[in-house]
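Take a look at the structure set out below.
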Amino acid sequence: MKRILFITGTRADYGKIKTLMQKVQESRDFELNIFVTGMHMLSLYGSTWKELEKDGFINTYHYINQSKNSAMDIALSNTILGLSNYINENPPDMIVIHGDRLEALAGAIVGAFNNIKVVHIEGGEISGTIDESIRHAITKFSHIHLVSTEEAQSRIVQLGERKENIFLIGSPDIDIMLSNDLPTIQEVQRYYEIPFLSYGILMYHPVTTEIDEISENISNVISALIDSKKNYIVIFPNNDEGSDKILEAYGILENHPRFKIFPSMRFEYFLTLLKHADFMIGNSSAGIRETGIYGIPAVDLGNRQIGRYNPSQLSNISHTKENRDAILKIINNMKKNSKEISLYGEGKSADKFLEILVNSEIWDLKIQKKFVDTEN
């Protein structure tokens, strides 16, 4: 039986890989192991490691790789150390990582250095800030690439990877988004004590390359939302450098009757809220990827997602800088888009993933990598 180790460090990557982990856990051919670290382990962000237990996952290992104020390089170093010790005691046959976070980079480095096959999900995409460099570095350490789009596939080829090791499976979270098992909006409102039916969702993350501008930018955003006279559900940012400035700015919203603030939220519950939202605003990738699937308008703020989407393909997205008047103008003129747009698959990513795992050619893949030059 092959042992497959998934690494999860945030609520976001967990939502992406959850269906894949379920497929592995249900299979008789594989043993699922999960290395849980990063934001999951921080009480400030809701100790979201508990969500894995609620979802019935076993063989989980919890590792604290940082405090709330840890620098990214220190957290990366700690993760490499902890993961290396873990796999020395529990050697996997394959490591599965997602996206562009430091925990994924640690997984790729440890796997490559220990001759363990590394599978990277959603490589080849444009992230913005330091995350893009991390994502492409992960690609170069990984052996198998499971991508969401043909554009991402093309970029990985440009990075010198073998075409036969790249598989187009779509975005795994769409499996959950299009399922019939999401909670009802009434259940979600009751669970989180949300008093309003009409609302927008704010998710705003720090841009690490614009650290000196974060306080002013988030203040402008908050001012616009307050003046819009609408209701909002606010979810904490990720814990990149500058997140403390965002959380400090959110202090003005405490006990505000039109704002409900949450450190984190169960993924399925968040999807139900998104599905019923009037719009989403911020700089999260959810505003780029998930909103279109439900036909929800999105306001993309600032530079974090610049270059990640084609405005002609995603007509539900409006873009502006973090300018109070510009934000208000978009919100006041916004119309809900009933057209659902999916550029990232049709909800069958987990099935495609399992098909790849049971293919013997994957397990015969040589660890040694060679750069493949593209044709001139």
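Residue names in the structure tokens use chain letters A, B, ... in the order shown, residue numbers from 1 in each chain, and ligand numbers from 1 in the order shown.
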
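Using only C-alpha atoms, the residues found no farther than 12 Å from Arg324 of chain A, other than those of its own chain fewer than 5 positions away, are Glu216, Asn217, Ile218, Ser219, Asn220, Val221, Ile222, Ser223, Ala224, Leu225, Ile226, Asp227, Ser228, Leu301, Lys329, Ile330 and Ile331 of chain A.
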
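Assigned to strand (DSSP E or B) in segment 247-276 of chain A, given DSSP computed from backbone atoms, are Phe259, Lys260, Ile261 and Phe262 of chain A.
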
Between A:Leu365, A:Pro172, A:Lys321, A:Phe371, which residue has the minimum interatomic distance to His143 of chain A, considering only C-alpha atoms?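 Nearest to His143 of chain A: A:Leu365.
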
Long-range neighbours of Glu268 of chain A as number ranges by chain, 9 Å cut-off, only C-alpha atoms, 3 positions minimum in chain: A: 15, 176-177, 181-183, 265, 271-273

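Once segment 151-167 of chain A and its same-chain neighbours fewer than 4 positions away are set aside, A:Gly124, A:Glu125, A:Ile144, A:His145, A:Leu146, A:Phe371, A:Val372, A:Asp373 remain within 6 Å of it when counting only C-alpha atoms.
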
Report as a PyMOL selection string all protein, DNA and RNA residues lying within 12 Å of segment 249-263 of chain A, evaluated on only C-alpha atoms, omitting residues in the same chain fewer than 6 positions from it. chain A and resi 11+39-40+42-48+189+192-204+214-223+225-239+242-243+270

Shell of 6 Å around Ala298 of chain A, only C-alpha atoms, local chain residues under 2 positions omitted, as an MDAnalysis selection string: chainID A and resid 279:281 287 317

Go through segment 51-237 of chain A and collect every residue that DSSP, computed from the backbone, puts in alpha helix (DSSP H); the answer should be as a count of residues only. 83
